[in-house]
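Text of protein_37.txt, listed as compact mmCIF, C-alpha atoms and all ligand atoms:
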# COMPACT_ATOMS: atom_id res chain seq x y z
CA MET A 76 -6.04 -4.53 -19.93
CA ALA A 77 -2.90 -2.46 -19.89
CA GLU A 78 0.70 -2.35 -18.82
CA ILE A 79 1.72 1.10 -17.62
CA ARG A 80 5.36 2.11 -17.49
CA ILE A 81 6.61 5.37 -16.08
CA LYS A 82 10.16 6.41 -16.89
CA ASN A 83 12.15 9.02 -14.97
CA LEU A 84 8.96 10.95 -14.25
CA HIS A 85 9.60 14.34 -12.74
CA LYS A 86 7.08 17.01 -11.76
CA ARG A 87 7.88 20.49 -10.52
CA PHE A 88 5.35 23.10 -9.41
CA ALA A 89 7.35 26.37 -9.63
CA ASP A 90 10.46 25.57 -7.59
CA PHE A 91 8.83 22.71 -5.62
CA THR A 92 9.50 19.14 -6.79
CA ALA A 93 6.40 16.99 -6.19
CA VAL A 94 7.63 13.85 -8.02
CA ARG A 95 11.30 13.09 -8.43
CA ASP A 96 12.78 10.89 -11.15
CA SER A 97 10.29 8.04 -10.67
CA SER A 98 10.48 4.88 -12.76
CA LEU A 99 8.12 1.98 -12.38
CA LEU A 100 6.49 -0.86 -14.27
CA LEU A 101 2.80 -1.27 -13.37
CA GLU A 102 2.12 -4.76 -14.61
CA ASP A 103 -0.89 -5.68 -16.69
CA GLY A 104 -3.78 -7.01 -14.62
CA LYS A 105 -2.28 -6.14 -11.24
CA PHE A 106 -3.74 -4.15 -8.35
CA ILE A 107 -1.09 -1.57 -7.57
CA VAL A 108 -1.33 0.68 -4.52
CA LEU A 109 0.60 3.95 -4.22
CA LEU A 110 1.13 4.38 -0.49
CA GLY A 111 2.80 7.14 1.48
CA PRO A 112 2.24 10.06 3.83
CA SER A 113 0.32 13.17 2.86
CA GLY A 114 2.14 15.29 0.28
CA CYS A 115 4.51 12.55 -0.92
CA GLY A 116 3.40 12.84 -4.56
CA LYS A 117 0.89 9.97 -4.91
CA THR A 118 -1.93 12.01 -6.41
CA THR A 119 0.42 13.93 -8.69
CA THR A 120 1.80 10.61 -10.02
CA LEU A 121 -1.74 9.31 -10.59
CA ARG A 122 -2.83 12.53 -12.29
CA MET A 123 0.13 12.31 -14.68
CA ILE A 124 -0.84 8.73 -15.57
CA ALA A 125 -4.41 9.94 -16.16
CA GLY A 126 -3.28 12.88 -18.32
CA LEU A 127 -4.72 15.47 -15.94
CA GLU A 128 -1.24 16.79 -15.27
CA TYR A 129 1.77 16.79 -17.62
CA PRO A 130 5.22 15.89 -16.30
CA THR A 131 8.09 18.37 -16.29
CA SER A 132 10.20 15.56 -17.76
CA GLY A 133 10.00 11.80 -18.19
CA GLN A 134 7.68 9.45 -20.05
CA ILE A 135 4.49 7.45 -19.56
CA LEU A 136 3.95 4.38 -21.73
CA LEU A 137 0.61 2.59 -22.01
CA ASP A 138 1.09 -0.85 -23.55
CA GLY A 139 4.34 0.43 -25.03
CA GLU A 140 2.75 3.53 -26.58
CA ASP A 141 4.03 6.92 -25.45
CA VAL A 142 0.98 8.69 -23.96
CA THR A 143 2.91 11.27 -21.91
CA PHE A 144 1.21 14.27 -23.50
CA LEU A 145 -2.05 12.71 -24.69
CA ARG A 146 -5.32 14.06 -23.33
CA PRO A 147 -7.15 11.93 -20.72
CA ARG A 148 -9.85 10.89 -23.23
CA GLN A 149 -7.22 9.55 -25.63
CA ARG A 150 -5.81 7.15 -23.02
CA ASP A 151 -8.82 4.92 -22.36
CA ILE A 152 -8.15 4.75 -18.65
CA ALA A 153 -10.75 5.69 -16.07
CA MET A 154 -9.96 7.96 -13.17
CA VAL A 155 -12.29 7.18 -10.28
CA PHE A 156 -12.30 10.21 -8.00
CA GLN A 157 -15.18 9.42 -5.76
CA LEU A 158 -16.39 5.89 -5.98
CA PHE A 159 -19.60 6.78 -4.24
CA ALA A 160 -20.70 9.84 -6.17
CA LEU A 161 -24.05 8.61 -7.46
CA TYR A 162 -26.96 10.73 -8.65
CA PRO A 163 -29.55 10.13 -5.92
CA HIS A 164 -32.52 11.51 -7.92
CA MET A 165 -31.90 9.04 -10.75
CA GLY A 166 -32.58 5.32 -10.91
CA VAL A 167 -29.94 2.59 -10.73
CA ARG A 168 -30.04 1.91 -14.49
CA ALA A 169 -29.73 5.62 -15.32
CA ASN A 170 -26.72 5.92 -13.03
CA LEU A 171 -25.03 3.01 -14.79
CA GLU A 172 -25.90 4.39 -18.24
CA PHE A 173 -24.59 7.84 -17.49
CA PRO A 174 -20.87 7.22 -18.21
CA LEU A 175 -21.79 5.40 -21.46
CA ARG A 176 -24.04 8.02 -22.98
CA ASN A 177 -21.18 10.31 -24.05
CA GLU A 178 -19.34 7.48 -25.72
CA GLY A 179 -21.78 7.14 -28.60
CA LEU A 180 -22.46 3.45 -27.96
CA SER A 181 -25.48 1.76 -29.52
CA ARG A 182 -28.53 1.01 -27.37
CA THR A 183 -27.82 -2.71 -27.71
CA GLU A 184 -24.23 -2.28 -26.52
CA ILE A 185 -25.31 -0.12 -23.56
CA ASP A 186 -27.91 -2.72 -22.54
CA ARG A 187 -25.35 -5.52 -22.89
CA ARG A 188 -22.79 -3.69 -20.73
CA ILE A 189 -25.34 -2.93 -18.03
CA ARG A 190 -26.55 -6.53 -18.04
CA ASP A 191 -22.94 -7.78 -17.68
CA VAL A 192 -22.04 -5.38 -14.87
CA ALA A 193 -25.31 -6.06 -13.03
CA GLY A 194 -24.56 -9.78 -13.25
CA ILE A 195 -21.00 -9.40 -11.96
CA LEU A 196 -22.13 -7.28 -9.01
CA ARG A 197 -25.36 -9.20 -8.35
CA ILE A 198 -27.55 -6.10 -8.70
CA GLU A 199 -29.89 -7.22 -11.52
CA HIS A 200 -32.88 -6.98 -9.18
CA LEU A 201 -32.03 -3.35 -8.36
CA LEU A 202 -31.90 -1.97 -11.90
CA GLY A 203 -35.46 -0.58 -11.73
CA GLN A 204 -35.06 1.03 -8.30
CA ARG A 205 -34.14 4.56 -7.27
CA ILE A 206 -30.77 5.25 -5.62
CA GLY A 207 -32.41 7.04 -2.69
CA GLY A 208 -34.19 3.90 -1.52
CA LEU A 209 -31.20 1.55 -1.55
CA ALA A 210 -29.48 0.08 1.49
CA GLY A 211 -25.83 1.08 2.01
CA GLY A 212 -24.22 -2.08 0.65
CA ASP A 213 -26.39 -2.09 -2.50
CA ARG A 214 -25.56 1.56 -3.07
CA GLN A 215 -21.84 0.81 -2.93
CA ARG A 216 -22.21 -1.98 -5.47
CA VAL A 217 -24.07 0.31 -7.86
CA ALA A 218 -21.29 2.86 -7.43
CA LEU A 219 -18.73 0.22 -8.29
CA GLY A 220 -20.82 -0.72 -11.31
CA ARG A 221 -20.72 2.85 -12.51
CA ALA A 222 -16.94 2.77 -12.38
CA ILE A 223 -16.50 -0.50 -14.28
CA VAL A 224 -19.25 -0.22 -16.90
CA ARG A 225 -16.99 1.80 -19.23
CA GLN A 226 -14.57 -1.14 -19.47
CA PRO A 227 -11.45 1.02 -19.53
CA LYS A 228 -7.94 -0.40 -19.98
CA ALA A 229 -7.08 0.62 -16.42
CA PHE A 230 -8.66 2.12 -13.33
CA LEU A 231 -6.99 4.95 -11.46
CA MET A 232 -8.46 5.48 -8.00
CA ASP A 233 -7.57 8.35 -5.68
CA GLU A 234 -8.50 7.50 -2.08
CA PRO A 235 -11.91 6.24 -3.23
CA LEU A 236 -12.77 4.87 0.22
CA GLY A 237 -11.59 7.94 2.08
CA THR A 238 -15.00 9.22 3.10
CA LEU A 239 -16.32 5.91 4.46
CA ASP A 240 -16.38 4.87 8.09
CA ALA A 241 -13.97 2.12 9.14
CA GLU A 242 -16.47 -0.74 8.97
CA PHE A 243 -17.66 0.11 5.46
CA ARG A 244 -14.08 0.57 4.31
CA GLU A 245 -13.31 -3.01 5.24
CA VAL A 246 -16.37 -4.29 3.41
CA MET A 247 -15.54 -2.26 0.32
CA CYS A 248 -11.90 -3.40 0.36
CA VAL A 249 -13.11 -6.98 0.12
CA GLU A 250 -15.62 -6.07 -2.64
CA LEU A 251 -12.98 -4.20 -4.62
CA ARG A 252 -10.49 -7.02 -4.36
CA LYS A 253 -13.06 -9.66 -5.37
CA LEU A 254 -14.05 -7.52 -8.32
CA HIS A 255 -10.45 -7.13 -9.37
CA ASP A 256 -9.85 -10.88 -9.14
CA ARG A 257 -12.72 -11.28 -11.55
CA LEU A 258 -12.06 -8.45 -14.02
CA LYS A 259 -8.24 -8.40 -13.81
CA THR A 260 -8.17 -4.79 -15.00
CA THR A 261 -4.93 -2.99 -14.15
CA THR A 262 -5.75 -0.79 -11.17
CA VAL A 263 -3.68 1.98 -9.59
CA PHE A 264 -5.06 2.95 -6.21
CA VAL A 265 -3.82 5.82 -4.04
CA THR A 266 -4.05 5.71 -0.26
CA HIS A 267 -2.18 6.77 2.85
CA ASP A 268 -3.78 3.89 4.80
CA GLN A 269 -1.42 0.94 5.10
CA ASN A 270 -4.20 -1.49 6.11
CA GLU A 271 -6.08 -0.68 2.93
CA ALA A 272 -2.86 -1.11 0.95
CA MET A 273 -2.03 -4.47 2.54
CA SER A 274 -5.51 -5.89 2.01
CA LEU A 275 -5.88 -4.75 -1.62
CA ALA A 276 -2.52 -4.77 -3.31
CA ASP A 277 -0.62 -7.17 -5.50
CA THR A 278 2.12 -4.55 -5.52
CA ILE A 279 2.63 -1.74 -3.02
CA VAL A 280 4.63 1.29 -4.12
CA VAL A 281 5.86 3.21 -1.08
CA MET A 282 6.60 6.88 -1.74
CA ASN A 283 8.07 9.65 0.37
CA LYS A 284 9.02 13.21 -0.53
CA GLY A 285 8.28 12.67 -4.21
CA GLU A 286 10.41 9.54 -4.49
CA ILE A 287 9.55 5.88 -4.96
CA LEU A 288 11.33 4.02 -2.17
CA GLN A 289 10.12 0.47 -2.83
CA ALA A 290 7.77 -1.34 -5.20
CA ASP A 291 7.13 -4.86 -4.05
CA ASP A 292 4.52 -7.43 -3.07
CA THR A 293 3.02 -7.11 0.42
CA ASP A 294 5.31 -9.80 1.82
CA GLY A 295 8.41 -8.06 0.49
CA ILE A 296 7.32 -4.66 1.78
CA TYR A 297 6.60 -6.05 5.25
CA ASN A 298 9.52 -8.43 5.70
CA PHE A 299 12.23 -6.81 3.61
CA PRO A 300 11.71 -3.04 3.74
CA SER A 301 14.14 -1.35 1.37
CA CYS A 302 15.07 1.42 3.80
CA LEU A 303 14.47 2.82 7.28
CA PHE A 304 11.50 4.93 6.12
CA VAL A 305 9.59 1.92 4.72
CA ALA A 306 10.49 -0.11 7.82
CA GLY A 307 9.03 2.54 10.10
CA PHE A 308 6.00 3.32 7.92
CA ILE A 309 4.66 -0.21 7.42
CA GLY A 310 3.32 -2.21 10.37
CA ARG A 311 1.65 -1.19 13.63
CA PRO A 312 3.22 -1.29 16.12
CA ALA A 313 6.17 -0.26 13.96
CA MET A 314 9.32 -2.29 13.45
CA ASN A 315 11.86 -1.72 16.23
CA LEU A 316 14.88 0.06 14.78
CA LEU A 317 17.85 -0.37 17.08
CA PRO A 318 21.17 1.33 16.35
CA LEU A 319 24.10 -1.01 16.95
CA ALA A 320 26.98 0.31 18.97
CA PHE A 321 29.74 -1.60 17.25
CA GLY A 322 28.07 -3.11 14.22
CA VAL A 323 27.91 -6.70 13.11
CA THR A 324 31.21 -8.42 12.67
CA ASP A 325 31.85 -10.44 9.59
CA GLY A 326 33.24 -13.45 11.38
CA ASP A 327 30.98 -14.50 14.21
CA GLY A 328 27.72 -12.77 13.21
CA THR A 329 27.23 -11.14 16.58
CA ALA A 330 25.37 -7.84 16.82
CA ARG A 331 26.97 -5.77 19.53
CA PHE A 332 25.05 -3.14 21.43
CA GLN A 333 26.42 -0.86 24.14
CA ASP A 334 25.63 -3.38 26.89
CA ALA A 335 24.50 -6.53 25.13
CA GLU A 336 25.20 -8.90 22.30
CA VAL A 337 22.77 -10.76 20.08
CA ALA A 338 23.95 -13.68 18.03
CA ILE A 339 22.72 -13.42 14.44
CA PRO A 340 24.03 -16.64 12.97
CA THR A 341 22.72 -16.17 9.44
CA MET A 342 23.95 -12.61 8.94
CA ARG A 343 27.09 -12.20 6.94
CA ALA A 344 26.95 -8.47 6.46
CA SER A 345 29.54 -6.40 8.15
CA ALA A 346 28.92 -2.80 9.10
CA SER A 347 30.30 -0.42 11.61
CA HIS A 348 27.21 1.77 11.41
CA ALA A 349 24.16 -0.45 11.26
CA VAL A 350 20.59 -0.32 12.51
CA LEU A 351 18.97 -3.60 13.45
CA GLY A 352 15.29 -3.99 12.49
CA VAL A 353 13.04 -6.41 14.34
CA ARG A 354 9.26 -6.55 14.27
CA PRO A 355 7.52 -6.61 17.66
CA GLU A 356 5.98 -10.02 16.89
CA HIS A 357 9.46 -11.44 16.35
CA ILE A 358 10.51 -10.89 19.95
CA ASP A 359 9.51 -13.43 22.61
CA LEU A 360 9.15 -12.50 26.26
CA LEU A 361 10.96 -15.01 28.50
CA PRO A 362 11.26 -15.30 32.28
CA ALA A 363 13.88 -13.00 33.82
CA GLY A 364 17.35 -14.52 33.68
CA GLN A 365 16.96 -15.85 30.14
CA GLY A 366 17.89 -14.05 26.93
CA VAL A 367 18.56 -10.31 26.85
CA PRO A 368 17.47 -8.69 30.15
CA ALA A 369 14.63 -6.15 29.90
CA ARG A 370 12.05 -4.35 32.01
CA ILE A 371 8.45 -3.64 31.04
CA ASN A 372 7.63 0.10 30.91
CA TYR A 373 3.96 -0.36 30.14
CA CYS A 374 1.67 -2.62 28.18
CA GLU A 375 -1.46 -2.27 26.06
CA TYR A 376 -4.17 -4.87 25.62
CA PHE A 377 -5.69 -5.45 22.16
CA GLY A 378 -8.11 -8.27 22.97
CA SER A 379 -6.21 -10.91 20.98
CA HIS A 380 -2.71 -9.95 22.23
CA TRP A 381 -0.63 -7.56 24.32
CA VAL A 382 1.91 -5.01 23.17
CA ALA A 383 4.64 -4.42 25.74
CA ASP A 384 6.92 -1.40 25.72
CA LEU A 385 10.31 -2.43 27.12
CA GLU A 386 13.58 -0.94 28.26
CA SER A 387 16.60 -3.09 27.44
CA PRO A 388 20.30 -2.77 26.66
CA LEU A 389 19.29 -2.98 22.99
CA GLY A 390 17.26 0.21 23.42
CA THR A 391 13.56 0.95 24.02
CA LEU A 392 11.47 -1.49 22.03
CA LYS A 393 8.05 -3.05 21.65
CA ALA A 394 7.18 -6.75 21.73
CA VAL A 395 3.94 -8.59 21.12
CA ALA A 396 2.86 -11.09 23.76
CA PRO A 397 0.06 -13.66 23.40
CA LYS A 398 -3.26 -12.99 25.14
CA ASP A 399 -2.57 -15.47 27.97
CA GLN A 400 0.94 -14.16 28.71
CA ARG A 401 -0.04 -10.94 30.44
CA PRO A 402 3.02 -8.67 30.80
CA VAL A 403 3.16 -6.79 34.11
CA GLN A 404 4.32 -3.20 34.27
CA GLY A 405 7.70 -2.86 36.02
CA GLU A 406 8.41 -6.61 35.73
CA ALA A 407 11.87 -7.90 34.75
CA VAL A 408 11.80 -10.26 31.76
CA GLY A 409 14.14 -11.68 29.14
CA LEU A 410 13.99 -11.16 25.37
CA ARG A 411 14.56 -13.66 22.60
CA LEU A 412 14.82 -12.18 19.12
CA HIS A 413 13.88 -14.41 16.19
CA THR A 414 17.29 -14.14 14.60
CA GLU A 415 16.14 -15.46 11.23
CA ARG A 416 13.70 -12.52 10.93
CA LEU A 417 16.11 -9.68 11.69
CA VAL A 418 17.05 -7.13 9.05
CA LEU A 419 19.96 -4.73 8.97
CA PHE A 420 20.08 -1.20 7.62
CA ASP A 421 23.06 0.99 6.91
CA ARG A 422 22.81 3.92 9.28
CA LYS A 423 24.37 6.35 6.78
CA THR A 424 22.52 5.45 3.57
CA GLU A 425 19.44 4.22 5.51
CA LEU A 426 19.17 1.35 3.01
CA LEU A 427 18.61 -2.33 3.68
CA MET A 428 21.89 -4.23 3.82
CA ALA A 429 22.35 -7.73 2.51
CA SER A 430 21.99 -10.61 4.91
CA ASP A 431 21.44 -14.27 4.25
CA SER A 432 17.75 -13.96 4.97
CA THR A 433 17.29 -10.99 2.65
CA LEU A 434 19.10 -12.78 -0.14
CA GLN A 435 16.24 -15.27 -0.30
CA HIS A 436 14.02 -12.42 -1.40
CA GLN A 437 14.57 -10.37 -4.54
CA PRO A 438 14.07 -6.90 -3.10
CA GLY A 439 11.62 -4.68 -5.00
CA MET A 440 13.04 -2.09 -7.33
CA ARG A 441 13.91 1.28 -5.96
CA HIS A 442 13.91 3.28 -9.14
CA GLY A 443 12.75 0.84 -11.75
P1 LIG A 501 -2.33 13.81 -0.18
O1 LIG A 501 -2.71 12.43 0.28
O2 LIG A 501 -2.27 14.80 0.93
O3 LIG A 501 -3.12 14.27 -1.39
P2 LIG A 501 -0.22 13.14 -2.01
O4 LIG A 501 0.85 12.19 -1.69
O5 LIG A 501 -1.29 12.68 -2.94
O6 LIG A 501 -0.82 13.70 -0.68
P3 LIG A 501 0.19 15.27 -3.90
O7 LIG A 501 -1.24 15.69 -3.91
O8 LIG A 501 0.70 14.53 -5.08
O9 LIG A 501 0.51 14.44 -2.60
O10 LIG A 501 1.08 16.55 -3.67
C1 LIG A 501 2.49 16.49 -3.57
C2 LIG A 501 3.00 17.86 -3.26
O11 LIG A 501 2.83 18.68 -4.42
C3 LIG A 501 2.27 18.54 -2.13
O12 LIG A 501 3.21 19.25 -1.34
C4 LIG A 501 1.34 19.51 -2.82
O13 LIG A 501 1.11 20.67 -2.04
C5 LIG A 501 2.11 19.85 -4.08
N1 LIG A 501 1.20 20.16 -5.18
C6 LIG A 501 0.30 19.31 -5.74
N2 LIG A 501 -0.38 19.91 -6.74
C7 LIG A 501 0.11 21.18 -6.80
C8 LIG A 501 -0.15 22.31 -7.63
N3 LIG A 501 -1.08 22.25 -8.61
N4 LIG A 501 0.55 23.43 -7.42
C9 LIG A 501 1.49 23.50 -6.46
N5 LIG A 501 1.81 22.46 -5.64
C10 LIG A 501 1.13 21.33 -5.81
With the file now loaded, output its structure as structure tokens.
Ligand code: ATP
Amino acid sequence: MAEIRIKNLHKRFADFTAVRDSSLLLEDGKFIVLLGPSGCGKTTTLRMIAGLEYPTSGQILLDGEDVTFLRPRQRDIAMVFQLFALYPHMGVRANLEFPLRNEGLSRTEIDRRIRDVAGILRIEHLLGQRIGGLAGGDRQRVALGRAIVRQPKAFLMDEPLGTLDAEFREVMCVELRKLHDRLKTTTVFVTHDQNEAMSLADTIVVMNKGEILQADDTDGIYNFPSCLFVAGFIGRPAMNLLPLAFGVTDGDGTARFQDAEVAIPTMRASASHAVLGVRPEHIDLLPAGQGVPARINYCEYFGSHWVADLESPLGTLKAVAPKDQRPVQGEAVGLRLHTERLVLFDRKTELLMASDSTLQHQPGMRHG
């Protein structure tokens, strides 16, 4: 078990900055997911925590001890590159033993560890079998066993599910999370897949262009994005981001658009340059004549619900409609925004602005 703290971590490759002044507390026993688009610095951050890359400046503390320039072996944390890299010509037991052999453990200790891991993963009956003959799910569990048998202080995983097809990914997400709930070993997991992040994480760390933009629980990331980038990156369909024409006035809490007004009774913030954020599922479609007038451009069916693309005085936006409320292309409708779920961003700084609803949530740290 370990608490990992990174302090003002900075990594330059020649004149390119891959990680910029990042500070973060990765709490003991938590499942932390580094999430962001390709090239945002996730892997570089992970490799610095592992000791495979040294920072240009900044510090890494493992349980309070400065490990910034220690070798990987001296850190007692396991980097899992490819969760599913098993040796197919060897048996299950030999695959599990492999990571332990170099550690100089006694035969009794190796047997004990393998017995424990096999029990946790329910693979005792497979120990005598060969990898080649195993069914897919059993194979994945053996692979997981190989990762956990070393009992490191923390796991670092770089897109370990990346090569799996969608169905297997879902199964393995559940397996990984169940395993974590049982072992409670601090885990740092890198992915660019927001579904994976949402289903696995206690804490999601959203990165972009080498910077940490928000570190928060899944609820905080989804409902109170720290900035426009996080708002647009998390959630499909994405949050509607609607520039206000005249801002929100302090007094009456009315958001004014070019041709429409939306009452936002709980919002106190005042801004002349604001962007209103509203998730598609927080907009109701009403009969024409009620709410804000809108017209349906097109709609997509997802089996359990519809997503309608709409033109309105607020701008072009998307709304989710229930399965039985089929939106019709070209139809005039009305929009009701769930005013208690709206968020406001400053158009200049792109950061979340305070509102009464956001004050109920302690926003995740931006830079530690
Ligand atoms: P991906 O999911 O594509 O791996 P990532 O968020 O993990 O993205 P990194 O691998 O950390 O991103 O890379 C961040 C940036 O640093 C990229 O632009 C990459 O090209 C650059 N970079 C990484 N390693 C090196 C290196 N050894 N030398 C030069 N540039 C590097």
Within-8 Å shell of (5.1, -0.2, 34.1) in input frame, all atoms listed in the file, as a list in words: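 Checked against the point, the hits come out as Ile371, Asn372, Tyr373, Cys374, Val403, Gln404, Gly405 and Glu406 of chain A.
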Of the listed residues A:Asn315, A:Glu102, A:Met247, A:Ile195, that which approaches A:Gly211 most closely, counting all atoms listed in the file: A:Met247
Nearest-residue call for A:Pro388, choices A:Arg188, A:Arg252, A:Arg214, A:Arg370, using all atoms listed in the file: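 Of all the options, A:Arg370 lies closest to A:Pro388.
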Each residue of chain A lying at most 6 Å from ligand LIG 501 (chain A) should get a row with its shortest atom-to-atom pair and the distance in Å to one decimal, counting only C-alpha atoms and all ligand atoms; could you produce that, ordered by chain and increasing number, as JSON lines?
{"residue": "A:Phe88", "atom": "CA", "partner": "A:LIG501", "partner_atom": "C9", "distance": 4.9}
{"residue": "A:Ala93", "atom": "CA", "partner": "A:LIG501", "partner_atom": "O11", "distance": 4.3}
{"residue": "A:Ser113", "atom": "CA", "partner": "A:LIG501", "partner_atom": "O2", "distance": 3.6}
{"residue": "A:Gly114", "atom": "CA", "partner": "A:LIG501", "partner_atom": "O9", "distance": 3.4}
{"residue": "A:Cys115", "atom": "CA", "partner": "A:LIG501", "partner_atom": "O4", "distance": 3.8}
{"residue": "A:Gly116", "atom": "CA", "partner": "A:LIG501", "partner_atom": "O8", "distance": 3.2}
{"residue": "A:Lys117", "atom": "CA", "partner": "A:LIG501", "partner_atom": "O4", "distance": 3.9}
{"residue": "A:Thr118", "atom": "CA", "partner": "A:LIG501", "partner_atom": "O5", "distance": 3.6}
{"residue": "A:Thr119", "atom": "CA", "partner": "A:LIG501", "partner_atom": "O8", "distance": 3.7}
Residues within 6 Å of A:Asp96, all atoms listed in the file, excluding chain neighbours under 4 positions, as a ChimeraX atom specification: /A:83-85
Same residues, C-alpha atoms, saved as a compact mmCIF listing (two decimals), in the coordinates of the input:
# COMPACT_ATOMS: atom_id res chain seq x y z
CA ASN A 83 12.15 9.02 -14.97
CA LEU A 84 8.96 10.95 -14.25
CA HIS A 85 9.60 14.34 -12.74
Of the listed residues A:Lys105, A:Arg187, A:His380, A:Arg401, that which approaches A:Ala229 most closely, counting only C-alpha atoms: A:Lys105
One-decimal distance in Å that lies between atom CA of A:Phe420 and atom CA of A:Ser387: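 Taking atom CA of A:Ser387 and atom CA of A:Phe420, their separation equals 20.2 Å.
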